[in-house]
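Inspection log for the structure reproduced underneath, given as structure tokens.
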Amino acid sequence: MKKYCGYILVFGMFCVASFGCESSKFCEENLDCINMCRAYDGNDVLYACEDGQCSCVSKEALACTGDEETDKCAGVCARYRPDSMSACVDGICECQTKECNDPEDCQTICNGAAMFTCNAHRCMCLEAEKLACSGEQALAHCTEICDTYQPGSQGSCVNSQCSCKTNRCESDAECEEPCSLYQSAMSACVDAKCQCIGKEALACSGADATERCTKICAKYKPGTLAVCEQGMCTCSKL
């Protein structure tokens, strides 16, 4: 990447000797440098105007081999195209235009998609057929979709279609329906988020059963009476 320094010096001397430049500025914007960089290095891939001087990044400096060199491309783009996203494409670092900053920016790009989101400044579009779910892997499939496209929601398979329901809540009652989709034994609203507790998490037995149930009820149902009944913790109103 150091190669561009020589270009600035040579171009500067040429300007002073031949044209008697009134200013040491040779460029005002990046595009002003494309012809010089193409002439000196055959490079019209990446160049920049820095403090009035043209910087040409050599093709050797742009070489990359994939994921292990993402940091290299990110560093190059941070300097020469700060408002871009970096990528290694066909062995060359590219500074690509950002597609989005938040999910709403993808509405036009993902026109007609069932779901869309913005991930690392790239739009992700999900077609309606991808929401189909069935069998043992249905819940895992829907959970993955909801984690990606609607973070903070709970995924479930309803009528063979993935559904993402928000886990935001203000009361325990709001969590009963979404948690019933998971066949949860207990539901609660904790820190404004629905918590769905399965039977295995409520299992109790032995000498420490009461202590275990007391901790569970204090967390999920504060102000209730903790009891280990038929091998499962219950939190009863006082």
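If you're wondering about the labels, chains in the structure tokens are A, B, ... by order shown, residues count from 1 in each chain, ligands from 1 in order shown.
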
Sorted by chain and rising residue number, list the residues of segment 154-194 of chain A at most 12 Å from segment 113-126 of chain A (counting only C-alpha atoms), each with its closest atom pair and distance in Å to one decimal, as CSV.
```
residue,atom,partner,partner_atom,distance
A:Gln161,CA,A:Ala114,CA,11.5
A:Cys162,CA,A:Ala114,CA,10.9
A:Ser163,CA,A:Met115,CA,11.0
A:Cys164,CA,A:Met115,CA,10.5
```

Could you save those same residues with all heavy atoms as a tab-separated table (two decimals), in the first residue's frame?
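Just written: part.tsv:
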```tsv
chain	number	residue	atom	x	y	z
A	161	GLN	N	-46.89	-22.57	9.23
A	161	GLN	CA	-46.20	-21.33	8.85
A	161	GLN	C	-45.49	-20.76	10.07
A	161	GLN	O	-46.03	-20.74	11.18
A	161	GLN	CB	-47.20	-20.29	8.33
A	161	GLN	CG	-47.78	-20.62	6.96
A	161	GLN	CD	-46.78	-20.36	5.84
A	161	GLN	OE1	-46.23	-19.27	5.71
A	161	GLN	NE2	-46.55	-21.37	5.02
A	162	CYS	N	-44.25	-20.30	9.86
A	162	CYS	CA	-43.52	-19.69	10.96
A	162	CYS	C	-44.17	-18.36	11.34
A	162	CYS	O	-44.56	-17.57	10.47
A	162	CYS	CB	-42.07	-19.44	10.56
A	162	CYS	SG	-41.06	-20.93	10.46
A	163	SER	N	-44.26	-18.14	12.63
A	163	SER	CA	-44.82	-16.90	13.15
A	163	SER	C	-43.86	-16.33	14.18
A	163	SER	O	-43.30	-17.06	15.00
A	163	SER	CB	-46.19	-17.17	13.78
A	163	SER	OG	-46.70	-16.01	14.40
A	164	CYS	N	-43.65	-15.03	14.13
A	164	CYS	CA	-42.76	-14.37	15.08
A	164	CYS	C	-43.59	-13.42	15.95
A	164	CYS	O	-44.16	-12.45	15.46
A	164	CYS	CB	-41.68	-13.57	14.36
A	164	CYS	SG	-40.68	-14.54	13.21
```

Next on the checklist: Considering only helix (DSSP H, G or I) as DSSP defines it on the backbone, what residues of segment 155-202 of chain A qualify? List them as a list in words.
Outcome noted: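 Reading the DSSP output for segment 155-202 of chain A, helix (DSSP H, G or I) covers Ala173, Glu174, Cys175, Glu176, Glu177, Pro178, Cys179, Ser180, Lys199, Glu200, Ala201 and Leu202 of chain A.
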
Would you mind exporting all heavy atoms of the selected residues as a compact mmCIF listing (two decimals), in the first residue's frame?
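Okay, this is what ended up in out_23.txt:
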```txt
# COMPACT_ATOMS: atom_id res chain seq x y z
N ALA A 173 -50.20 -11.92 32.23
CA ALA A 173 -51.32 -12.38 31.39
C ALA A 173 -50.98 -12.31 29.90
O ALA A 173 -51.43 -13.14 29.11
CB ALA A 173 -52.56 -11.55 31.69
N GLU A 174 -50.18 -11.32 29.50
CA GLU A 174 -49.82 -11.16 28.09
C GLU A 174 -48.92 -12.28 27.59
O GLU A 174 -48.77 -12.48 26.39
CB GLU A 174 -49.11 -9.81 27.88
CG GLU A 174 -49.99 -8.60 28.13
CD GLU A 174 -49.23 -7.31 27.95
OE1 GLU A 174 -48.42 -7.23 27.01
OE2 GLU A 174 -49.44 -6.38 28.75
N CYS A 175 -48.32 -13.03 28.51
CA CYS A 175 -47.37 -14.08 28.12
C CYS A 175 -48.01 -15.46 28.04
O CYS A 175 -47.39 -16.41 27.55
CB CYS A 175 -46.21 -14.12 29.11
SG CYS A 175 -45.30 -12.56 29.21
N GLU A 176 -49.23 -15.59 28.52
CA GLU A 176 -49.88 -16.90 28.56
C GLU A 176 -50.07 -17.49 27.17
O GLU A 176 -49.75 -18.66 26.92
CB GLU A 176 -51.22 -16.80 29.29
CG GLU A 176 -51.08 -16.51 30.78
CD GLU A 176 -52.42 -16.36 31.47
OE1 GLU A 176 -53.45 -16.53 30.78
OE2 GLU A 176 -52.43 -16.08 32.68
N GLU A 177 -50.59 -16.69 26.22
CA GLU A 177 -50.85 -17.21 24.88
C GLU A 177 -49.57 -17.56 24.12
O GLU A 177 -49.45 -18.68 23.61
CB GLU A 177 -51.67 -16.21 24.07
CG GLU A 177 -52.02 -16.72 22.67
CD GLU A 177 -52.83 -15.72 21.87
OE1 GLU A 177 -53.23 -14.69 22.44
OE2 GLU A 177 -53.03 -15.97 20.66
N PRO A 178 -48.57 -16.63 24.03
CA PRO A 178 -47.35 -17.01 23.29
C PRO A 178 -46.61 -18.18 23.92
O PRO A 178 -46.06 -19.03 23.21
CB PRO A 178 -46.50 -15.73 23.32
CG PRO A 178 -47.08 -14.89 24.40
CD PRO A 178 -48.54 -15.23 24.47
N CYS A 179 -46.64 -18.29 25.25
CA CYS A 179 -45.93 -19.40 25.89
C CYS A 179 -46.67 -20.72 25.73
O CYS A 179 -46.06 -21.79 25.79
CB CYS A 179 -45.72 -19.10 27.38
SG CYS A 179 -44.42 -17.87 27.71
N SER A 180 -47.99 -20.65 25.50
CA SER A 180 -48.76 -21.89 25.30
C SER A 180 -48.34 -22.58 24.01
O SER A 180 -48.47 -23.80 23.87
CB SER A 180 -50.26 -21.58 25.27
OG SER A 180 -50.60 -20.82 24.11
N LYS A 199 -41.47 -27.70 31.75
CA LYS A 199 -41.64 -28.61 32.89
C LYS A 199 -40.29 -29.04 33.47
O LYS A 199 -40.13 -29.16 34.69
CB LYS A 199 -42.43 -29.85 32.45
CG LYS A 199 -43.90 -29.57 32.15
CD LYS A 199 -44.61 -30.86 31.76
CE LYS A 199 -46.09 -30.59 31.48
NZ LYS A 199 -46.82 -31.82 31.09
N GLU A 200 -39.32 -29.26 32.58
CA GLU A 200 -38.02 -29.73 33.06
C GLU A 200 -37.34 -28.69 33.96
O GLU A 200 -36.60 -29.04 34.89
CB GLU A 200 -37.09 -30.11 31.90
CG GLU A 200 -36.73 -28.97 30.96
CD GLU A 200 -37.81 -28.64 29.95
OE1 GLU A 200 -38.86 -29.31 29.95
OE2 GLU A 200 -37.59 -27.70 29.15
N ALA A 201 -37.59 -27.42 33.71
CA ALA A 201 -36.98 -26.36 34.52
C ALA A 201 -37.66 -26.23 35.87
O ALA A 201 -37.09 -25.66 36.81
CB ALA A 201 -37.06 -25.03 33.78
N LEU A 202 -38.87 -26.77 36.00
CA LEU A 202 -39.62 -26.67 37.24
C LEU A 202 -39.53 -27.94 38.09
O LEU A 202 -40.12 -28.02 39.17
CB LEU A 202 -41.10 -26.38 36.94
CG LEU A 202 -41.40 -25.04 36.25
CD1 LEU A 202 -42.87 -24.96 35.89
CD2 LEU A 202 -41.00 -23.87 37.13
```

Item to check | Residue neighbourhood segment 29-33 of chain A, 8 Å, only C-alpha atoms, exclusion window fewer than 5 positions, as a list in words | outcome: Tyr47, Ala48, Cys49, Cys54, Ser55 and Cys56 of chain A

Take the residues from that selection and write them out as a PDB file, in the first residue's frame, keeping N, CA and C atoms.
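Result saved to selection_22.pdb:
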```pdb
ATOM      1  N   TYR A  47      -8.727   4.403  -5.278  1.00  0.00           N
ATOM      2  CA  TYR A  47      -7.880   5.599  -5.260  1.00  0.00           C
ATOM      3  C   TYR A  47      -8.610   6.620  -4.403  1.00  0.00           C
ATOM      4  N   ALA A  48      -7.882   7.657  -3.981  1.00  0.00           N
ATOM      5  CA  ALA A  48      -8.519   8.647  -3.126  1.00  0.00           C
ATOM      6  C   ALA A  48      -7.769   9.963  -3.172  1.00  0.00           C
ATOM      7  N   CYS A  49      -8.493  11.003  -2.880  1.00  0.00           N
ATOM      8  CA  CYS A  49      -7.892  12.335  -2.736  1.00  0.00           C
ATOM      9  C   CYS A  49      -7.767  12.611  -1.246  1.00  0.00           C
ATOM     10  N   CYS A  54      -3.257  12.859  -4.515  1.00  0.00           N
ATOM     11  CA  CYS A  54      -3.820  11.600  -4.981  1.00  0.00           C
ATOM     12  C   CYS A  54      -3.102  10.407  -4.359  1.00  0.00           C
ATOM     13  N   SER A  55      -3.878   9.491  -3.830  1.00  0.00           N
ATOM     14  CA  SER A  55      -3.345   8.247  -3.281  1.00  0.00           C
ATOM     15  C   SER A  55      -3.850   7.092  -4.133  1.00  0.00           C
ATOM     16  N   CYS A  56      -2.927   6.318  -4.692  1.00  0.00           N
ATOM     17  CA  CYS A  56      -3.293   5.165  -5.519  1.00  0.00           C
ATOM     18  C   CYS A  56      -2.911   3.895  -4.780  1.00  0.00           C
TER      19      CYS A  56
END
```

Checklist entry - Which is closest to Asn111 of chain A among A:Cys95, A:Ala203, A:Ala128, A:Ile34, if we use only C-alpha atoms? => result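 Of A:Cys95, A:Ala203, A:Ala128, A:Ile34, the one nearest Asn111 of chain A is A:Ala128, counting only C-alpha atoms.
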
Checklist outcome for this item: Of A:Cys110, A:Ala63, A:Pro82, A:Cys194, the one sitting nearest Gly152 of chain A when using only C-alpha atoms is A:Cys194

Shell of 12 Å around Lys221 of chain A, only C-alpha atoms, local chain residues under 2 positions omitted, as a compact mmCIF listing (two decimals) with N, CA and C atoms, in the first residue's frame:
```txt
# COMPACT_ATOMS: atom_id res chain seq x y z
N SER A 171 -47.48 -7.45 31.59
CA SER A 171 -48.06 -8.26 32.66
C SER A 171 -47.92 -9.74 32.33
N ASP A 172 -48.05 -10.60 33.35
CA ASP A 172 -47.96 -12.04 33.16
C ASP A 172 -49.02 -12.54 32.18
N MET A 186 -45.17 -22.82 32.78
CA MET A 186 -45.34 -21.57 33.49
C MET A 186 -44.90 -20.43 32.58
N SER A 187 -45.58 -19.32 32.67
CA SER A 187 -45.18 -18.13 31.92
C SER A 187 -45.15 -16.94 32.86
N ALA A 188 -44.30 -15.97 32.53
CA ALA A 188 -44.18 -14.79 33.38
C ALA A 188 -43.60 -13.63 32.58
N CYS A 189 -43.93 -12.43 33.02
CA CYS A 189 -43.36 -11.22 32.42
C CYS A 189 -42.28 -10.71 33.36
N VAL A 190 -41.03 -10.82 32.92
CA VAL A 190 -39.90 -10.42 33.73
C VAL A 190 -39.07 -9.39 32.97
N GLN A 195 -41.20 -14.72 29.67
CA GLN A 195 -40.35 -15.87 29.98
C GLN A 195 -41.24 -17.11 29.98
N ILE A 197 -41.38 -21.03 30.81
CA ILE A 197 -40.64 -22.00 31.61
C ILE A 197 -41.21 -23.39 31.37
N CYS A 213 -37.55 -24.41 44.62
CA CYS A 213 -38.82 -23.80 44.22
C CYS A 213 -38.92 -22.36 44.69
N THR A 214 -38.38 -22.09 45.85
CA THR A 214 -38.41 -20.72 46.39
C THR A 214 -37.66 -19.77 45.46
N LYS A 215 -36.51 -20.23 44.96
CA LYS A 215 -35.72 -19.40 44.03
C LYS A 215 -36.48 -19.16 42.73
N ILE A 216 -37.12 -20.21 42.21
CA ILE A 216 -37.86 -20.09 40.95
C ILE A 216 -39.01 -19.11 41.08
N CYS A 217 -39.77 -19.25 42.16
CA CYS A 217 -40.93 -18.38 42.36
C CYS A 217 -40.51 -16.94 42.64
N ALA A 218 -39.40 -16.77 43.33
CA ALA A 218 -38.91 -15.40 43.61
C ALA A 218 -38.53 -14.70 42.30
N LYS A 219 -38.04 -15.49 41.34
CA LYS A 219 -37.62 -14.91 40.06
C LYS A 219 -38.79 -14.64 39.14
N GLY A 223 -43.72 -12.80 45.43
CA GLY A 223 -44.89 -12.59 46.27
C GLY A 223 -45.82 -13.78 46.33
N THR A 224 -45.38 -14.94 45.80
CA THR A 224 -46.22 -16.15 45.83
C THR A 224 -45.62 -17.19 46.77
N LEU A 225 -46.38 -18.22 47.04
CA LEU A 225 -45.94 -19.30 47.91
C LEU A 225 -45.35 -20.42 47.06
N ALA A 226 -44.09 -20.76 47.33
CA ALA A 226 -43.39 -21.79 46.56
C ALA A 226 -43.64 -23.16 47.18
N CYS A 233 -42.32 -27.61 40.73
CA CYS A 233 -42.52 -26.39 41.49
C CYS A 233 -43.78 -25.66 41.03
N THR A 234 -44.56 -25.19 42.00
CA THR A 234 -45.71 -24.35 41.71
C THR A 234 -45.61 -23.10 42.55
N CYS A 235 -46.13 -22.02 42.01
CA CYS A 235 -46.09 -20.74 42.71
C CYS A 235 -47.54 -20.29 42.92
N SER A 236 -48.03 -20.45 44.13
CA SER A 236 -49.43 -20.17 44.43
C SER A 236 -49.60 -18.81 45.08
N LYS A 237 -50.72 -18.19 44.76
CA LYS A 237 -51.00 -16.90 45.36
C LYS A 237 -51.21 -17.05 46.86
N LEU A 238 -50.73 -16.07 47.60
CA LEU A 238 -50.87 -16.10 49.05
C LEU A 238 -52.31 -15.75 49.45
```

Item to check | Distance criterion (only C-alpha atoms): nearest to Cys196 of chain A out of A:Gln230, A:Ser156, A:Ser184, A:Gln150 | outcome: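 Among A:Gln230, A:Ser156, A:Ser184, A:Gln150, it is A:Ser184 that comes nearest to Cys196 of chain A.
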
Checklist entry - With distances taken over only C-alpha atoms, which of A:Glu99, A:Glu28, A:Glu60, A:Glu127 is nearest to Ser84 of chain A? => result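 Closest to Ser84 of chain A of all the choices is A:Glu99.
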
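The closest residue to Val89 of chain A, picked from A:Asn101, A:Cys27, A:Ala74, A:Cys64 and counting only C-alpha atoms, is A:Cys64.
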
Next on the checklist: From the options A:Ala39, A:Val227, A:Val158, A:Cys146, which residue's atoms come nearest to Glu211 of chain A, counting only C-alpha atoms?
Outcome noted: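 Distance minimum relative to Glu211 of chain A lands on A:Val227.
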
Item to check | Computed interatomic separation between atom CA of Ser160 of chain A and atom CA of Ala140 of chain A (Å) | outcome: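 About the pair atom CA of Ser160 of chain A and atom CA of Ala140 of chain A: they are 13.3 Å apart.
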
Checklist entry - Any idea what's packed within 10 Å of His141 of chain A, counting only C-alpha atoms, ignoring anything in its chain fewer than 6 positions away? Could you give it as number ranges by chain? => result A: 130-134, 155-157, 162

Suppose we keep C-alpha atoms; can you now write the selection as a PDB file, in the first residue's frame?
```
ATOM      1  CA  LYS A 130     -39.297 -20.020   3.379  1.00  0.00           C
ATOM      2  CA  LEU A 131     -41.821 -19.586   6.208  1.00  0.00           C
ATOM      3  CA  ALA A 132     -43.222 -23.097   5.693  1.00  0.00           C
ATOM      4  CA  CYS A 133     -42.585 -25.365   8.694  1.00  0.00           C
ATOM      5  CA  SER A 134     -43.342 -28.932   9.713  1.00  0.00           C
ATOM      6  CA  GLY A 155     -40.605 -18.112  16.841  1.00  0.00           C
ATOM      7  CA  SER A 156     -43.343 -20.705  16.556  1.00  0.00           C
ATOM      8  CA  CYS A 157     -44.889 -22.921  13.874  1.00  0.00           C
ATOM      9  CA  CYS A 162     -43.521 -19.686  10.959  1.00  0.00           C
TER      10      CYS A 162
END
```
